[in-house]
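**Student:** One structure coming up, written as structure tokens, with questions to follow.
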Amino acid sequence: MRRLKNYSKSVGYYFTDDFQEPTATRIFHKVLVVYTLLRMTLVWPLSRMVMSYHSISLPKSLPGKLLLGGAFLANQHVDVFFGIGVLLLVVILFTNVNYIGNLVFFYLTFNLYVINLPIADGSDVVLFMLSLWCIPIATLPVISNERGKVIQKVLYNLALLFCQIQVAYIYFISGLDKLMSDTWRSGVAFDYIRHLEVLYNPVLPPIFASEFWNIIFSWSTILFELSFVFLVWNRSIRLPMLLIGSIFHLFIWIVLSLPDFALIMIASYLVFLKDSDYDRIKSWVKRRLPLK
Amino acid sequence: MGIAAVLVVFLHILFSIFVLLTPGKHNAKSLGKLYNQLVLLGPFFTESRIKTSPHLYISFKVKDTWSPFVDHGLANFKSYCEHPWRYGKLHYGDFERYISLQIGEQIRHKEFKGMGSSRAFRELNQFIVQEVISRQVDSVSLVYGLNVYLPETKTVRFDTVFKYTYNPSVIAPSKKL
């Protein structure tokens with residue numbers, strides 16, 4: 001019992017010691033904001049079209065009304081919501097990460113999800129969940145008293161870990177579902193995908209026509225998704241896993257025409273990077289580009 | 001404080017595993033349901049998702065002549081695939097498929113109260129008339145269904161969910177533009 005307590009204490013220092021990976025976390029946060037800015041700009045005309053015909057029902061409770069205020073504004077004046085949203089995102093992008101900015105960011109992504117529900121894919125819910133966990137990822141305002149400082153660090157580090165867990169879960173759940181499915185285990189899933197007219201890219205040559213390769217593709221997908229949750233925490237395999245994952249999503253982007261999902265998943269990988277990774281990139285660039 | 005944080009993470013993972021192992025056993029407003037919907041995202045590309053593809057075919061009549069049935073959503077999707085920078089085309093068909101799915105669900109659950117009374121149908125009608133057809137027409141015919149691929153015979157079967165032919169001018173608009 002004492003050993004468990006000591007172990008918990010030493011693990012506990014991870015949360016109380018300092019803000020973990022501040023540079024990498026800041027970059028992750030900013031990339032999420034850039035992604036949202038891009039998404040908002042791209043879906044703006046589409047949302048205008050959707051809002052011309054589709055109505056959003058107002059919840060009865062006051063917190064519900066407040067939480068969905070943005071979506072209701074968009075329902076009446078779509079350009080006002082998107083205009084303000086884009087402006088706020090630009091402000092968040094160019095200011096230091098702080099709690100108010102993070103709250104606004106979450107509010108925007110959540111309302112964007114509600115507005116775009118008729119045209120949404122998995123990327124919107126991933127985005128707003130990551131932005132929810134990101135709320136405590138802020139070092140500003142600086143808290144002066146010692147206890148407050150510790151609480152700030154703990155919340156920051158917890159939120160960072162929750163973001164990582166959220167991404168890992170996505171793979172684990174999908175991998176588990178595929179493992180339980182005979183259609184996936186036998187490779188027939190890719191034969192089905194090839195016939196999904198509203199998803200499968202018709203411009204490409206028939207990739208999933210071979211039964212042998214379909215089994216290889218199926219099991220590669222299952223193994224990658226199931227192993228990600230365990231291997232992404234391993235120091236030596238982390239970066240190769242993220243590289244494989246990025247290729248996996250780029251493949252899905254092209255073959256299944258899911259650019260939004262591919263982009264948000266690749267962006268979410270940044271939460272697994274460490275400050276030392278950026279230092280290595282920096283020194284690598286410096287070595288190759290001898291700048292004065 | 002550190003130990004409390006460890007405990008929170010431990011409970012988060014433990015509860016997630018519990019929810020994962022007990023699917024469908026959580027009330028609509030319970031924490032378990034919330035975890036199921038928001039924390040345990042996915043699974044993506046489930047069997048049901050990849051086995052069928054939804055299609056809405058639209059035909060309209062002008063001066064006693066019917067146009068051929070066209071799946072405009074699919075046409076837009078193909079246009080995106082040929083020109084990937086036309087992002088808008090990618091999601092163009094999503095809206096009509098989303099509304100059609102809602103109508104299909106209403107019919108399945110015997111909640112569909114007729115074309116003029118269903119908000120979803122009014123939304124679909126207004127969208128089709130103003131966005132897809134964009135002209136004055138006498139009648140519209142809609143066929144919504146699912147393409148089901150049969151790997152054993154390598155053939156595709158079309159299962160009709162609903163089929164309506166009606167005068168669009170008698171359906172009230174869902175929203176005033």
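Residue names in the structure tokens use chain letters A, B, ... in the order shown, residue numbers from 1 in each chain, and ligand numbers from 1 in the order shown.
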Considering only C-alpha atoms, extract the chain A residues located within 8 Å of chain B and return them as a PDB file with N, CA and C atoms, in the first residue's frame.

**Tutor:**
```
ATOM      1  N   SER A   8       2.207   6.621  -6.674  1.00  0.00           N
ATOM      2  CA  SER A   8       1.212   7.639  -7.062  1.00  0.00           C
ATOM      3  C   SER A   8       1.778   9.031  -6.859  1.00  0.00           C
ATOM      4  N   LYS A   9       2.527   9.174  -5.750  1.00  0.00           N
ATOM      5  CA  LYS A   9       3.120  10.479  -5.438  1.00  0.00           C
ATOM      6  C   LYS A   9       4.108  10.894  -6.527  1.00  0.00           C
ATOM      7  N   VAL A  11       4.225   9.807  -9.616  1.00  0.00           N
ATOM      8  CA  VAL A  11       3.486  10.095 -10.851  1.00  0.00           C
ATOM      9  C   VAL A  11       2.787  11.450 -10.712  1.00  0.00           C
ATOM     10  N   GLY A  12       2.316  11.718  -9.507  1.00  0.00           N
ATOM     11  CA  GLY A  12       1.625  12.973  -9.219  1.00  0.00           C
ATOM     12  C   GLY A  12       2.478  14.192  -9.501  1.00  0.00           C
ATOM     13  N   TYR A  13       3.813  14.050  -9.348  1.00  0.00           N
ATOM     14  CA  TYR A  13       4.717  15.178  -9.638  1.00  0.00           C
ATOM     15  C   TYR A  13       4.620  15.614 -11.095  1.00  0.00           C
ATOM     16  N   TYR A  14       4.245  14.663 -11.974  1.00  0.00           N
ATOM     17  CA  TYR A  14       4.080  14.990 -13.397  1.00  0.00           C
ATOM     18  C   TYR A  14       3.062  16.133 -13.539  1.00  0.00           C
ATOM     19  N   PHE A  15       2.048  16.108 -12.678  1.00  0.00           N
ATOM     20  CA  PHE A  15       0.982  17.103 -12.780  1.00  0.00           C
ATOM     21  C   PHE A  15       1.310  18.408 -12.043  1.00  0.00           C
ATOM     22  N   THR A  16       2.088  18.295 -10.948  1.00  0.00           N
ATOM     23  CA  THR A  16       2.305  19.488 -10.119  1.00  0.00           C
ATOM     24  C   THR A  16       3.627  20.206 -10.405  1.00  0.00           C
ATOM     25  N   LEU A  42     -14.198  27.788 -45.050  1.00  0.00           N
ATOM     26  CA  LEU A  42     -14.636  26.915 -46.142  1.00  0.00           C
ATOM     27  C   LEU A  42     -16.121  26.566 -46.065  1.00  0.00           C
ATOM     28  N   VAL A  43     -16.625  26.359 -44.830  1.00  0.00           N
ATOM     29  CA  VAL A  43     -18.043  25.945 -44.729  1.00  0.00           C
ATOM     30  C   VAL A  43     -19.007  27.129 -44.688  1.00  0.00           C
ATOM     31  N   PRO A  45     -20.056  29.422 -46.909  1.00  0.00           N
ATOM     32  CA  PRO A  45     -21.119  29.437 -47.930  1.00  0.00           C
ATOM     33  C   PRO A  45     -22.072  28.254 -47.810  1.00  0.00           C
ATOM     34  N   LEU A  46     -21.529  27.102 -47.411  1.00  0.00           N
ATOM     35  CA  LEU A  46     -22.381  25.914 -47.255  1.00  0.00           C
ATOM     36  C   LEU A  46     -23.369  26.104 -46.109  1.00  0.00           C
ATOM     37  N   VAL A  50     -27.385  25.885 -45.895  1.00  0.00           N
ATOM     38  CA  VAL A  50     -28.105  25.016 -44.950  1.00  0.00           C
ATOM     39  C   VAL A  50     -29.067  25.833 -44.093  1.00  0.00           C
ATOM     40  N   SER A  52     -30.531  28.485 -44.782  1.00  0.00           N
ATOM     41  CA  SER A  52     -31.647  29.052 -45.547  1.00  0.00           C
ATOM     42  C   SER A  52     -32.869  28.148 -45.479  1.00  0.00           C
ATOM     43  N   TYR A  53     -32.650  26.858 -45.244  1.00  0.00           N
ATOM     44  CA  TYR A  53     -33.766  25.904 -45.286  1.00  0.00           C
ATOM     45  C   TYR A  53     -33.984  25.177 -43.959  1.00  0.00           C
ATOM     46  N   HIS A  54     -32.935  25.067 -43.183  1.00  0.00           N
ATOM     47  CA  HIS A  54     -32.973  24.235 -41.981  1.00  0.00           C
ATOM     48  C   HIS A  54     -33.120  25.101 -40.730  1.00  0.00           C
ATOM     49  N   SER A  55     -33.958  24.636 -39.787  1.00  0.00           N
ATOM     50  CA  SER A  55     -34.138  25.377 -38.527  1.00  0.00           C
ATOM     51  C   SER A  55     -33.571  24.577 -37.365  1.00  0.00           C
ATOM     52  N   PRO A 118     -26.203  18.954 -40.272  1.00  0.00           N
ATOM     53  CA  PRO A 118     -26.641  18.250 -41.483  1.00  0.00           C
ATOM     54  C   PRO A 118     -25.514  17.910 -42.456  1.00  0.00           C
ATOM     55  N   ILE A 119     -24.401  18.623 -42.368  1.00  0.00           N
ATOM     56  CA  ILE A 119     -23.309  18.334 -43.316  1.00  0.00           C
ATOM     57  C   ILE A 119     -22.048  17.890 -42.576  1.00  0.00           C
ATOM     58  N   GLY A 122     -17.257  13.148 -38.737  1.00  0.00           N
ATOM     59  CA  GLY A 122     -16.631  12.943 -37.427  1.00  0.00           C
ATOM     60  C   GLY A 122     -15.689  14.059 -37.006  1.00  0.00           C
ATOM     61  N   VAL A 125     -17.018  16.782 -34.328  1.00  0.00           N
ATOM     62  CA  VAL A 125     -17.140  16.378 -32.928  1.00  0.00           C
ATOM     63  C   VAL A 125     -15.739  16.191 -32.313  1.00  0.00           C
ATOM     64  N   VAL A 126     -14.786  15.721 -33.104  1.00  0.00           N
ATOM     65  CA  VAL A 126     -13.403  15.593 -32.604  1.00  0.00           C
ATOM     66  C   VAL A 126     -12.873  16.991 -32.254  1.00  0.00           C
ATOM     67  N   MET A 129     -14.537  18.440 -29.078  1.00  0.00           N
ATOM     68  CA  MET A 129     -14.093  17.747 -27.855  1.00  0.00           C
ATOM     69  C   MET A 129     -12.659  18.144 -27.495  1.00  0.00           C
ATOM     70  N   VAL A 150      -0.278  25.885  -8.337  1.00  0.00           N
ATOM     71  CA  VAL A 150      -0.290  24.420  -8.420  1.00  0.00           C
ATOM     72  C   VAL A 150      -1.569  23.944  -9.107  1.00  0.00           C
ATOM     73  N   ILE A 151      -2.688  24.532  -8.718  1.00  0.00           N
ATOM     74  CA  ILE A 151      -3.978  24.138  -9.334  1.00  0.00           C
ATOM     75  C   ILE A 151      -3.933  24.396 -10.848  1.00  0.00           C
ATOM     76  N   VAL A 154      -1.823  21.722 -12.475  1.00  0.00           N
ATOM     77  CA  VAL A 154      -2.507  20.422 -12.475  1.00  0.00           C
ATOM     78  C   VAL A 154      -3.587  20.395 -13.555  1.00  0.00           C
ATOM     79  N   LEU A 158      -3.498  17.974 -16.713  1.00  0.00           N
ATOM     80  CA  LEU A 158      -4.620  17.020 -16.842  1.00  0.00           C
ATOM     81  C   LEU A 158      -5.293  17.176 -18.204  1.00  0.00           C
ATOM     82  N   PHE A 162      -5.821  14.517 -21.137  1.00  0.00           N
ATOM     83  CA  PHE A 162      -7.170  14.165 -21.597  1.00  0.00           C
ATOM     84  C   PHE A 162      -7.297  14.321 -23.116  1.00  0.00           C
ATOM     85  N   GLN A 166      -8.223  11.262 -25.481  1.00  0.00           N
ATOM     86  CA  GLN A 166      -9.356  11.399 -26.414  1.00  0.00           C
ATOM     87  C   GLN A 166      -8.966  10.873 -27.807  1.00  0.00           C
ATOM     88  N   TYR A 169      -8.445   7.041 -27.762  1.00  0.00           N
ATOM     89  CA  TYR A 169      -9.733   6.331 -27.698  1.00  0.00           C
ATOM     90  C   TYR A 169     -10.358   6.166 -29.085  1.00  0.00           C
ATOM     91  N   ILE A 170     -10.239   7.206 -29.907  1.00  0.00           N
ATOM     92  CA  ILE A 170     -10.855   7.164 -31.248  1.00  0.00           C
ATOM     93  C   ILE A 170     -10.380   5.922 -32.001  1.00  0.00           C
ATOM     94  N   ILE A 173     -11.476   2.442 -30.125  1.00  0.00           N
ATOM     95  CA  ILE A 173     -12.891   2.073 -30.318  1.00  0.00           C
ATOM     96  C   ILE A 173     -13.144   1.602 -31.748  1.00  0.00           C
ATOM     97  N   SER A 174     -12.556   2.312 -32.697  1.00  0.00           N
ATOM     98  CA  SER A 174     -12.728   1.911 -34.098  1.00  0.00           C
ATOM     99  C   SER A 174     -12.066   0.557 -34.349  1.00  0.00           C
ATOM    100  N   GLY A 175     -10.869   0.376 -33.777  1.00  0.00           N
ATOM    101  CA  GLY A 175     -10.137  -0.887 -33.946  1.00  0.00           C
ATOM    102  C   GLY A 175     -10.883  -2.053 -33.336  1.00  0.00           C
ATOM    103  N   ASP A 177     -14.126  -2.255 -32.777  1.00  0.00           N
ATOM    104  CA  ASP A 177     -15.335  -2.513 -33.560  1.00  0.00           C
ATOM    105  C   ASP A 177     -14.996  -3.336 -34.811  1.00  0.00           C
ATOM    106  N   LYS A 178     -13.873  -2.994 -35.431  1.00  0.00           N
ATOM    107  CA  LYS A 178     -13.471  -3.716 -36.650  1.00  0.00           C
ATOM    108  C   LYS A 178     -13.055  -5.151 -36.311  1.00  0.00           C
ATOM    109  N   SER A 181     -15.933  -7.354 -36.066  1.00  0.00           N
ATOM    110  CA  SER A 181     -16.751  -7.468 -37.278  1.00  0.00           C
ATOM    111  C   SER A 181     -16.143  -8.474 -38.264  1.00  0.00           C
ATOM    112  N   THR A 183     -17.001  -8.760 -41.287  1.00  0.00           N
ATOM    113  CA  THR A 183     -16.812  -8.043 -42.556  1.00  0.00           C
ATOM    114  C   THR A 183     -15.415  -7.434 -42.630  1.00  0.00           C
ATOM    115  N   TRP A 184     -14.935  -6.892 -41.512  1.00  0.00           N
ATOM    116  CA  TRP A 184     -13.604  -6.293 -41.486  1.00  0.00           C
ATOM    117  C   TRP A 184     -12.515  -7.360 -41.433  1.00  0.00           C
ATOM    118  N   VAL A 188     -13.687  -8.098 -46.561  1.00  0.00           N
ATOM    119  CA  VAL A 188     -14.815  -7.748 -47.446  1.00  0.00           C
ATOM    120  C   VAL A 188     -15.189  -6.265 -47.273  1.00  0.00           C
ATOM    121  N   ALA A 189     -14.839  -5.708 -46.106  1.00  0.00           N
ATOM    122  CA  ALA A 189     -15.160  -4.299 -45.823  1.00  0.00           C
ATOM    123  C   ALA A 189     -14.673  -3.393 -46.951  1.00  0.00           C
ATOM    124  N   ASP A 191     -14.230  -4.225 -50.032  1.00  0.00           N
ATOM    125  CA  ASP A 191     -15.060  -4.475 -51.211  1.00  0.00           C
ATOM    126  C   ASP A 191     -16.335  -3.628 -51.113  1.00  0.00           C
ATOM    127  N   TYR A 192     -16.883  -3.543 -49.885  1.00  0.00           N
ATOM    128  CA  TYR A 192     -18.064  -2.696 -49.654  1.00  0.00           C
ATOM    129  C   TYR A 192     -17.706  -1.228 -49.900  1.00  0.00           C
ATOM    130  N   ILE A 193     -16.568  -0.810 -49.324  1.00  0.00           N
ATOM    131  CA  ILE A 193     -16.155   0.598 -49.440  1.00  0.00           C
ATOM    132  C   ILE A 193     -16.010   1.004 -50.908  1.00  0.00           C
ATOM    133  N   HIS A 195     -17.716   0.160 -53.243  1.00  0.00           N
ATOM    134  CA  HIS A 195     -19.033   0.369 -53.857  1.00  0.00           C
ATOM    135  C   HIS A 195     -19.836   1.487 -53.203  1.00  0.00           C
ATOM    136  N   LEU A 196     -19.199   2.206 -52.287  1.00  0.00           N
ATOM    137  CA  LEU A 196     -19.881   3.348 -51.664  1.00  0.00           C
ATOM    138  C   LEU A 196     -19.759   4.544 -52.596  1.00  0.00           C
ATOM    139  N   GLU A 197     -20.778   4.739 -53.383  1.00  0.00           N
ATOM    140  CA  GLU A 197     -20.697   5.764 -54.429  1.00  0.00           C
ATOM    141  C   GLU A 197     -20.539   7.184 -53.887  1.00  0.00           C
ATOM    142  N   VAL A 198     -21.082   7.419 -52.677  1.00  0.00           N
ATOM    143  CA  VAL A 198     -21.028   8.783 -52.145  1.00  0.00           C
ATOM    144  C   VAL A 198     -19.799   9.003 -51.256  1.00  0.00           C
ATOM    145  N   ASN A 201     -13.704   7.593 -53.912  1.00  0.00           N
ATOM    146  CA  ASN A 201     -13.276   8.495 -54.983  1.00  0.00           C
ATOM    147  C   ASN A 201     -13.307   7.793 -56.347  1.00  0.00           C
ATOM    148  N   PRO A 202     -14.215   8.209 -57.246  1.00  0.00           N
ATOM    149  CA  PRO A 202     -14.333   7.492 -58.531  1.00  0.00           C
ATOM    150  C   PRO A 202     -13.197   7.795 -59.511  1.00  0.00           C
ATOM    151  N   VAL A 203     -12.439   8.835 -59.211  1.00  0.00           N
ATOM    152  CA  VAL A 203     -11.343   9.222 -60.108  1.00  0.00           C
ATOM    153  C   VAL A 203     -10.187   8.217 -60.021  1.00  0.00           C
ATOM    154  N   SER A 257     -12.402  10.541 -49.682  1.00  0.00           N
ATOM    155  CA  SER A 257     -12.812  11.956 -49.779  1.00  0.00           C
ATOM    156  C   SER A 257     -13.250  12.519 -48.428  1.00  0.00           C
TER     157      SER A 257
END
```

**Student:** When DSSP works through the backbone of this structure, what residues of region 59-165 of chain A end up as alpha helix (DSSP H), shown as a PyMOL selection string?

**Tutor:** chain A and resi 62-67+69-76+78-94+99-115+122-133+146-165

**Student:** Would you please work out which residue, of B:Val19, B:Leu11, B:Val62, B:Leu56, is nearest to Val140 (chain B) when using only C-alpha atoms?

**Tutor:**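 When distances to Val140 (chain B) are compared using only C-alpha atoms, the smallest one comes from B:Val62.
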
**Student:** Between B:Ser139, B:Phe18, B:Ala28, B:His72, which one has atoms that come closest to Val170 (chain B), using only C-alpha atoms?

**Tutor:** B:Ser139

**Student:** Measure the distance from CA of Arg26 (chain A) to CA of Ile92 (chain A) in Å and round it to one decimal.

**Tutor:** 11.9 Å

**Student:** Considering only strand (DSSP E) as DSSP defines it on the backbone, what residues of region 29-76 of chain B qualify? List them as a PyMOL selection string.

**Tutor:** chain B and resi 52-62+65-66
